[in-house]
file start_33.txt (compact mmCIF, C-alpha atoms)
# COMPACT_ATOMS: atom_id res chain seq x y z
CA MET Q 1 67.71 98.78 107.90
CA VAL Q 2 70.21 96.44 106.23
CA LYS Q 3 70.78 93.25 108.22
CA SER Q 4 74.25 91.81 108.80
CA LYS Q 5 75.21 88.42 107.45
CA VAL Q 6 78.14 86.31 108.66
CA SER Q 7 80.57 84.45 106.40
CA MET Q 8 81.62 80.84 106.99
CA LEU Q 9 84.87 82.17 108.45
CA GLY Q 10 82.99 84.39 110.89
CA VAL Q 11 83.22 87.74 109.09
CA PRO Q 12 80.09 89.89 109.57
CA TYR Q 13 79.17 91.89 106.48
CA LEU Q 14 76.45 93.90 104.76
CA HIS Q 15 75.49 92.86 101.24
CA PHE Q 16 72.92 94.73 99.18
CA GLY Q 17 72.36 96.69 95.98
CA ASN Q 18 72.51 95.96 92.27
CA GLY Q 19 75.23 96.24 89.67
CA GLU Q 20 78.97 95.68 89.64
CA HIS Q 21 80.47 94.61 92.97
CA LEU Q 22 81.92 97.31 95.20
CA VAL Q 23 83.71 96.44 98.46
CA LEU Q 24 83.97 99.16 101.13
CA ILE Q 25 86.65 98.61 103.81
CA HIS Q 26 86.54 100.72 106.96
CA GLY Q 27 89.41 102.25 108.91
CA LEU Q 28 90.99 101.68 112.32
CA GLY Q 29 88.45 101.48 115.14
CA GLU Q 30 85.50 101.91 112.79
CA VAL Q 31 82.60 99.58 111.99
CA LYS Q 32 80.94 98.61 108.72
CA GLU Q 33 77.87 100.76 109.45
CA GLY Q 34 80.14 103.82 109.24
CA TRP Q 35 79.65 103.67 105.46
CA GLN Q 36 76.01 104.68 105.88
CA SER Q 37 76.49 107.88 103.86
CA GLN Q 38 77.62 105.69 100.95
CA PHE Q 39 74.64 103.30 101.07
CA GLU Q 40 73.11 105.38 98.25
CA LEU Q 41 75.71 103.82 95.91
CA ALA Q 42 73.64 100.62 96.11
CA GLU Q 43 71.40 102.16 93.42
CA GLN Q 44 74.21 101.43 90.94
CA TYR Q 45 76.46 98.91 92.68
CA GLU Q 46 76.21 95.72 94.69
CA LEU Q 47 77.86 96.65 97.99
CA ILE Q 48 79.85 94.27 100.17
CA ILE Q 49 80.82 95.92 103.47
CA PRO Q 50 82.68 93.76 106.03
CA ASP Q 51 83.68 94.28 109.64
CA LEU Q 52 87.42 93.67 109.79
CA ARG Q 53 88.73 91.09 112.23
CA GLY Q 54 88.23 92.26 115.83
CA HIS Q 55 86.15 95.28 114.74
CA GLY Q 56 82.41 95.84 115.04
CA GLU Q 57 80.48 92.60 115.30
CA CYS Q 58 83.46 90.42 114.35
CA THR Q 59 84.33 88.16 117.29
CA LYS Q 60 87.57 86.88 115.71
CA THR Q 61 90.28 88.63 117.70
CA GLU Q 62 93.39 86.49 117.13
CA GLY Q 63 95.89 87.17 114.38
CA ILE Q 64 95.35 90.92 114.03
CA SER Q 65 97.36 91.90 110.94
CA ILE Q 66 96.86 93.67 107.63
CA GLN Q 67 97.52 90.33 105.89
CA ASN Q 68 94.75 88.59 107.84
CA PHE Q 69 92.32 91.48 107.38
CA ALA Q 70 92.88 91.13 103.63
CA SER Q 71 92.68 87.34 103.53
CA ASP Q 72 89.34 87.51 105.40
CA VAL Q 73 87.94 89.78 102.67
CA VAL Q 74 89.40 87.60 99.89
CA ALA Q 75 87.79 84.52 101.50
CA LEU Q 76 84.46 86.37 101.72
CA LEU Q 77 84.55 87.30 98.02
CA ASN Q 78 85.43 83.72 97.11
CA GLU Q 79 82.57 82.42 99.28
CA LEU Q 80 80.16 84.77 97.51
CA LYS Q 81 81.55 83.52 94.16
CA ILE Q 82 82.48 87.07 93.14
CA GLU Q 83 84.93 86.98 90.23
CA ASN Q 84 86.10 90.56 90.64
CA ALA Q 85 85.12 93.75 92.44
CA HIS Q 86 85.96 97.40 92.80
CA ILE Q 87 87.87 97.63 96.11
CA LEU Q 88 87.70 100.82 98.17
CA GLY Q 89 89.65 101.23 101.40
CA LEU Q 90 89.76 104.16 103.80
CA SER Q 91 92.77 104.83 106.03
CA MET Q 92 93.80 101.40 107.46
CA GLY Q 93 91.23 99.95 105.04
CA GLY Q 94 93.33 101.38 102.20
CA ALA Q 95 96.30 99.33 103.39
CA VAL Q 96 93.99 96.30 103.45
CA ALA Q 97 92.88 97.07 99.87
CA GLN Q 98 96.52 97.16 98.73
CA GLU Q 99 97.14 93.82 100.46
CA ILE Q 100 94.09 92.32 98.72
CA TYR Q 101 95.70 93.30 95.43
CA ARG Q 102 98.95 91.64 96.54
CA GLN Q 103 97.16 88.42 97.57
CA ALA Q 104 94.57 88.17 94.80
CA PRO Q 105 95.06 90.69 91.96
CA HIS Q 106 92.56 88.78 89.79
CA LEU Q 107 89.79 89.75 92.24
CA VAL Q 108 90.48 93.49 91.91
CA ARG Q 109 88.71 95.36 89.12
CA SER Q 110 89.80 98.78 90.36
CA LEU Q 111 91.24 100.34 93.51
CA MET Q 112 90.09 103.39 95.43
CA LEU Q 113 92.58 104.36 98.12
CA ILE Q 114 91.22 107.05 100.42
CA SER Q 115 93.16 109.04 103.05
CA THR Q 116 95.52 106.12 103.41
CA PHE Q 117 99.19 105.12 103.42
CA HIS Q 118 101.61 102.65 101.88
CA PHE Q 119 104.57 102.93 104.25
CA PHE Q 120 105.62 104.33 107.63
CA PRO Q 121 109.32 105.30 107.87
CA LYS Q 122 110.88 103.40 110.78
CA LYS Q 123 111.90 106.52 112.66
CA LEU Q 124 108.27 107.69 112.72
CA ARG Q 125 106.70 104.46 113.97
CA LYS Q 126 107.66 104.62 117.66
CA PRO Q 127 106.89 108.30 118.25
CA LEU Q 128 103.63 108.01 116.27
CA PHE Q 129 102.57 104.96 118.25
CA LYS Q 130 103.35 106.69 121.56
CA PHE Q 131 101.57 109.84 120.39
CA LYS Q 132 98.41 107.98 119.35
CA LYS Q 133 98.51 105.91 122.54
CA LEU Q 134 98.71 109.05 124.69
CA ARG Q 135 96.19 111.02 122.65
CA LEU Q 136 93.68 108.18 122.71
CA GLY Q 137 94.35 107.66 126.40
CA ILE Q 138 94.71 104.07 127.52
CA ALA Q 139 93.11 104.95 130.86
CA ALA Q 140 90.62 107.43 129.43
CA THR Q 141 86.87 106.92 129.29
CA ASP Q 142 85.29 105.76 126.04
CA ASP Q 143 83.65 109.17 125.61
CA ALA Q 144 86.98 110.97 126.04
CA VAL Q 145 88.65 108.65 123.54
CA LYS Q 146 85.90 109.28 120.98
CA GLU Q 147 86.02 113.04 121.58
CA THR Q 148 89.78 113.15 121.04
CA ALA Q 149 89.61 110.94 117.94
CA ALA Q 150 86.78 113.06 116.48
CA HIS Q 151 88.81 116.25 116.88
CA MET Q 152 91.80 114.57 115.20
CA SER Q 153 89.77 113.13 112.32
CA LEU Q 154 87.31 115.89 111.41
CA TYR Q 155 87.77 119.30 109.84
CA SER Q 156 84.28 120.51 110.79
CA TRP Q 157 83.41 119.89 114.43
CA SER Q 158 79.69 120.48 113.95
CA GLU Q 159 77.39 118.68 116.37
CA GLU Q 160 76.06 116.54 113.50
CA ASN Q 161 79.56 115.47 112.38
CA MET Q 162 80.73 114.79 115.94
CA ASN Q 163 77.67 112.65 116.72
CA HIS Q 164 77.98 110.75 113.43
CA PHE Q 165 81.65 110.05 114.08
CA LYS Q 166 81.08 108.85 117.66
CA ARG Q 167 78.31 106.50 116.54
CA TYR Q 168 80.56 104.57 114.15
CA PHE Q 169 83.97 104.89 115.79
CA GLN Q 170 83.89 102.02 118.28
CA PRO Q 171 87.48 101.09 119.15
CA LYS Q 172 88.23 98.09 121.34
CA ARG Q 173 91.45 99.16 123.00
CA ASP Q 174 93.49 95.98 122.70
CA ILE Q 175 92.41 95.46 119.08
CA PHE Q 176 92.98 99.14 118.33
CA LEU Q 177 96.58 99.07 119.54
CA LYS Q 178 97.36 95.76 117.81
CA SER Q 179 95.84 97.10 114.58
CA LEU Q 180 97.84 100.32 114.91
CA LYS Q 181 101.05 98.30 115.31
CA ALA Q 182 100.05 96.29 112.23
CA CYS Q 183 99.71 99.54 110.25
CA PHE Q 184 103.27 100.49 111.14
CA GLN Q 185 104.53 97.23 109.59
CA VAL Q 186 103.12 98.11 106.16
CA ASN Q 187 105.66 98.65 103.40
CA ASN Q 188 104.15 98.64 99.91
CA ILE Q 189 106.83 100.73 98.18
CA SER Q 190 107.70 97.85 95.85
CA LEU Q 191 104.06 96.74 95.42
CA LEU Q 192 102.61 100.02 94.15
CA PRO Q 193 104.55 100.20 90.86
CA THR Q 194 103.19 96.74 89.98
CA ILE Q 195 99.51 97.76 90.25
CA LYS Q 196 97.90 97.39 86.83
CA VAL Q 197 94.24 98.17 87.57
CA PRO Q 198 92.65 101.66 87.41
CA THR Q 199 93.39 103.39 90.70
CA LEU Q 200 91.88 106.48 92.29
CA ILE Q 201 93.74 108.06 95.21
CA ILE Q 202 91.97 110.68 97.33
CA GLY Q 203 93.69 112.82 99.94
CA CYS Q 204 92.09 115.51 102.07
CA GLN Q 205 93.36 119.05 102.51
CA TYR Q 206 93.15 119.14 106.31
CA ASP Q 207 93.88 115.50 107.11
CA SER Q 208 95.95 115.59 110.32
CA VAL Q 209 95.91 111.79 110.71
CA LEU Q 210 97.46 110.85 107.34
CA PRO Q 211 98.58 114.06 105.60
CA VAL Q 212 97.93 114.46 101.91
CA TRP Q 213 101.62 114.27 100.95
CA ILE Q 214 101.50 110.54 101.76
CA GLN Q 215 98.77 109.97 99.16
CA TYR Q 216 100.71 112.13 96.69
CA CYS Q 217 103.72 109.80 97.11
CA MET Q 218 101.42 106.83 96.45
CA HIS Q 219 100.16 108.51 93.28
CA LYS Q 220 103.73 108.96 92.04
CA LEU Q 221 104.39 105.23 92.60
CA ILE Q 222 101.23 103.78 91.00
CA PRO Q 223 101.34 103.97 87.18
CA HIS Q 224 98.49 105.93 85.57
CA SER Q 225 96.74 106.49 88.93
CA GLU Q 226 94.38 109.43 89.42
CA PHE Q 227 94.99 111.76 92.37
CA ILE Q 228 92.44 114.15 93.87
CA ILE Q 229 92.73 116.45 96.88
CA MET Q 230 89.41 117.16 98.56
CA ARG Q 231 89.31 120.70 99.86
CA ASN Q 232 87.88 121.67 103.24
CA SER Q 233 87.84 118.15 104.62
CA GLY Q 234 89.70 116.23 107.30
CA HIS Q 235 90.48 112.53 107.48
CA LEU Q 236 86.86 111.43 106.93
CA ALA Q 237 85.53 113.02 103.75
CA LYS Q 238 83.05 110.11 103.48
CA LEU Q 239 81.32 111.62 106.52
CA GLU Q 240 81.78 115.39 106.44
CA ALA Q 241 81.75 115.85 102.66
CA ALA Q 242 79.66 112.83 101.71
CA ASN Q 243 77.95 114.33 98.64
CA ARG Q 244 81.22 115.48 97.05
CA PHE Q 245 82.92 112.23 98.03
CA ASN Q 246 80.18 110.03 96.57
CA LEU Q 247 80.17 112.08 93.37
CA LEU Q 248 83.92 111.51 92.90
CA LEU Q 249 83.44 107.77 93.41
CA ARG Q 250 80.55 107.65 90.92
CA LYS Q 251 82.55 109.55 88.29
CA PHE Q 252 85.53 107.23 88.67
CA LEU Q 253 83.41 104.06 88.65
CA ASN Q 254 81.34 105.26 85.69
CA ARG Q 255 84.56 105.83 83.73
CA GLN Q 256 85.60 102.23 84.44
CA LYS Q 257 82.19 101.01 83.28
CA ALA Q 258 82.43 103.05 80.07
CA ALA Q 259 85.97 101.80 79.40
CA ALA Q 260 84.84 98.17 79.87
call {"tool": "encode", "arguments": {"input": "start_33.txt", "output": "structure tokens"}}
result
Amino acid sequence: MVKSKVSMLGVPYLHFGNGEHLVLIHGLGEVKEGWQSQFELAEQYELIIPDLRGHGECTKTEGISIQNFASDVVALLNELKIENAHILGLSMGGAVAQEIYRQAPHLVRSLMLISTFHFFPKKLRKPLFKFKKLRLGIAATDDAVKETAAHMSLYSWSEENMNHFKRYFQPKRDIFLKSLKACFQVNNISLLPTIKVPTLIIGCQYDSVLPVWIQYCMHKLIPHSEFIIMRNSGHLAKLEAANRFNLLLRKFLNRQKAAA
């Protein structure tokens, strides 16, 4: 069992493994332990896995924004005296990864943007927010919320996948809604064409949370980016297609190592 550490700014994180630094940033309502299926990457990489502000064990709940999520991670990397790292973000974590590049491009060795987004058209924000609010049920029980979210996020509703999802999806309602609002403020249309580091974008065939066309648009905006669609997977390929997902990451990261 890997023990959590806490940064000077109060960010809980996991830190283990050997090799080049690889930061894994979780999605909305998730916790850092949700990357358990990727812990095997520690054989080749030194993993840094934070809880974002207000999520998991992080008790900092003020200032919920994509900018602050990113600045917390930047501060953590600076505290650990890490000169650069491969930055991987899933869903909301992908927006955080893009913001890290905006704030501190020198810290980013490569980007891996998974089932994520760069922009929400204004006309979609209100209905999407209302939809998510209703679907996740403000007055619903925690179990009902997790059940609904699991059905939205997964392609395969096997007992194993459902249990795994519910273990690591731990939304705190107020933080969840504030974080969701923060996602709708993201507009990286002008940022993406300026990205100069190797970038891998992964979308999933049956992602009903953030459809694959969004990641395709990101690919068209980021020069020389790689784009892969994972078949037979929903929003969380890291969970329900972990072996294929990890293999894609290894191949991409090994190519960066060879190029260096």
call {"tool": "residues_around", "arguments": {"input": "start_33.txt", "residues": "segment 198-206 of chain Q", "least_positions_apart": "2", "cutoff": "8 Å", "atoms": "only C-alpha atoms", "output": "ChimeraX atom specification"}}
result
/Q:109-116,155,196,208,211-212,215-216,218-219,222,224-235,237,252,256
call {"tool": "write_last_selection", "arguments": {"input": "start_33.txt", "atoms": "C-alpha atoms", "output": "PDB file, keeping the file's coordinate frame"}}
result
ATOM      1  CA  ARG Q 109      88.710  95.360  89.120  1.00  0.00           C
ATOM      2  CA  SER Q 110      89.800  98.780  90.360  1.00  0.00           C
ATOM      3  CA  LEU Q 111      91.240 100.340  93.510  1.00  0.00           C
ATOM      4  CA  MET Q 112      90.090 103.390  95.430  1.00  0.00           C
ATOM      5  CA  LEU Q 113      92.580 104.360  98.120  1.00  0.00           C
ATOM      6  CA  ILE Q 114      91.220 107.050 100.420  1.00  0.00           C
ATOM      7  CA  SER Q 115      93.160 109.040 103.050  1.00  0.00           C
ATOM      8  CA  THR Q 116      95.520 106.120 103.410  1.00  0.00           C
ATOM      9  CA  TYR Q 155      87.770 119.300 109.840  1.00  0.00           C
ATOM     10  CA  LYS Q 196      97.900  97.390  86.830  1.00  0.00           C
ATOM     11  CA  SER Q 208      95.950 115.590 110.320  1.00  0.00           C
ATOM     12  CA  PRO Q 211      98.580 114.060 105.600  1.00  0.00           C
ATOM     13  CA  VAL Q 212      97.930 114.460 101.910  1.00  0.00           C
ATOM     14  CA  GLN Q 215      98.770 109.970  99.160  1.00  0.00           C
ATOM     15  CA  TYR Q 216     100.710 112.130  96.690  1.00  0.00           C
ATOM     16  CA  MET Q 218     101.420 106.830  96.450  1.00  0.00           C
ATOM     17  CA  HIS Q 219     100.160 108.510  93.280  1.00  0.00           C
ATOM     18  CA  ILE Q 222     101.230 103.780  91.000  1.00  0.00           C
ATOM     19  CA  HIS Q 224      98.490 105.930  85.570  1.00  0.00           C
ATOM     20  CA  SER Q 225      96.740 106.490  88.930  1.00  0.00           C
ATOM     21  CA  GLU Q 226      94.380 109.430  89.420  1.00  0.00           C
ATOM     22  CA  PHE Q 227      94.990 111.760  92.370  1.00  0.00           C
ATOM     23  CA  ILE Q 228      92.440 114.150  93.870  1.00  0.00           C
ATOM     24  CA  ILE Q 229      92.730 116.450  96.880  1.00  0.00           C
ATOM     25  CA  MET Q 230      89.410 117.160  98.560  1.00  0.00           C
ATOM     26  CA  ARG Q 231      89.310 120.700  99.860  1.00  0.00           C
ATOM     27  CA  ASN Q 232      87.880 121.670 103.240  1.00  0.00           C
ATOM     28  CA  SER Q 233      87.840 118.150 104.620  1.00  0.00           C
ATOM     29  CA  GLY Q 234      89.700 116.230 107.300  1.00  0.00           C
ATOM     30  CA  HIS Q 235      90.480 112.530 107.480  1.00  0.00           C
ATOM     31  CA  ALA Q 237      85.530 113.020 103.750  1.00  0.00           C
ATOM     32  CA  PHE Q 252      85.530 107.230  88.670  1.00  0.00           C
ATOM     33  CA  GLN Q 256      85.600 102.230  84.440  1.00  0.00           C
TER      34      GLN Q 256
END
call {"tool": "closest_residue", "arguments": {"input": "start_33.txt", "among": "Q:His118, Q:Leu76, Q:Arg167, Q:Leu253", "to": "Leu88 of chain Q", "atoms": "all atoms listed in the file"}}
result
Q:Leu253
call {"tool": "axis_aligned_box", "arguments": {"input": "start_33.txt", "around": "segment 163-182 of chain Q", "padding_each_side": "3 Å", "output": "AutoDock Vina command-line options"}}
result
--center_x 89.4 --center_y 104.1 --center_z 117.6 --size_x 29.4 --size_y 23.2 --size_z 16.8
call {"tool": "residues_around", "arguments": {"input": "start_33.txt", "residues": "segment 31-43 of chain Q", "least_positions_apart": "4", "cutoff": "9 Å", "atoms": "all atoms listed in the file", "output": "PyMOL selection string"}}
result
chain Q and resi 12-14+16-19+22+24-27+47+49-52+55-57+164-165+167-171+238-239+242-243+245-246+250
call {"tool": "closest_residue", "arguments": {"input": "start_33.txt", "among": "Q:Lys122, Q:Lys166, Q:Lys146, Q:His21", "to": "His86 of chain Q", "atoms": "only C-alpha atoms"}}
result
Q:His21
call {"tool": "closest_residue", "arguments": {"input": "start_33.txt", "among": "Q:Ser179, Q:Asn68, Q:Asn78, Q:Gln44", "to": "Ala97 of chain Q", "atoms": "all atoms listed in the file"}}
result
Q:Asn68
call {"tool": "closest_residue", "arguments": {"input": "start_33.txt", "among": "Q:His15, Q:Leu154, Q:Val145, Q:Ser65", "to": "Ala241 of chain Q", "atoms": "only C-alpha atoms"}}
result
Q:Leu154
call {"tool": "closest_residue", "arguments": {"input": "start_33.txt", "among": "Q:Ile66, Q:Ser153, Q:Thr148, Q:Ser71", "to": "Ala182 of chain Q", "atoms": "all atoms listed in the file"}}
result
Q:Ile66
call {"tool": "closest_residue", "arguments": {"input": "start_33.txt", "among": "Q:Arg173, Q:His151, Q:Lys178, Q:Arg53", "to": "Leu236 of chain Q", "atoms": "all atoms listed in the file"}}
result
Q:His151
call {"tool": "residues_around", "arguments": {"input": "start_33.txt", "residues": "Gln103 of chain Q", "least_positions_apart": "2", "cutoff": "12 Å", "atoms": "all atoms listed in the file", "output": "PyMOL selection string"}}
result
chain Q and resi 66-75+96-101+105-108+191
call {"tool": "write_last_selection", "arguments": {"input": "start_33.txt", "atoms": "C-alpha atoms", "output": "compact mmCIF listing (two decimals), keeping the file's coordinate frame"}}
result
# COMPACT_ATOMS: atom_id res chain seq x y z
CA ILE Q 66 96.86 93.67 107.63
CA GLN Q 67 97.52 90.33 105.89
CA ASN Q 68 94.75 88.59 107.84
CA PHE Q 69 92.32 91.48 107.38
CA ALA Q 70 92.88 91.13 103.63
CA SER Q 71 92.68 87.34 103.53
CA ASP Q 72 89.34 87.51 105.40
CA VAL Q 73 87.94 89.78 102.67
CA VAL Q 74 89.40 87.60 99.89
CA ALA Q 75 87.79 84.52 101.50
CA VAL Q 96 93.99 96.30 103.45
CA ALA Q 97 92.88 97.07 99.87
CA GLN Q 98 96.52 97.16 98.73
CA GLU Q 99 97.14 93.82 100.46
CA ILE Q 100 94.09 92.32 98.72
CA TYR Q 101 95.70 93.30 95.43
CA PRO Q 105 95.06 90.69 91.96
CA HIS Q 106 92.56 88.78 89.79
CA LEU Q 107 89.79 89.75 92.24
CA VAL Q 108 90.48 93.49 91.91
CA LEU Q 191 104.06 96.74 95.42
call {"tool": "atom_distance", "arguments": {"input": "start_33.txt", "atom1": "atom CA of Ile195 of chain Q", "atom2": "atom CA of Gly93 of chain Q"}}
result
17.1 Å
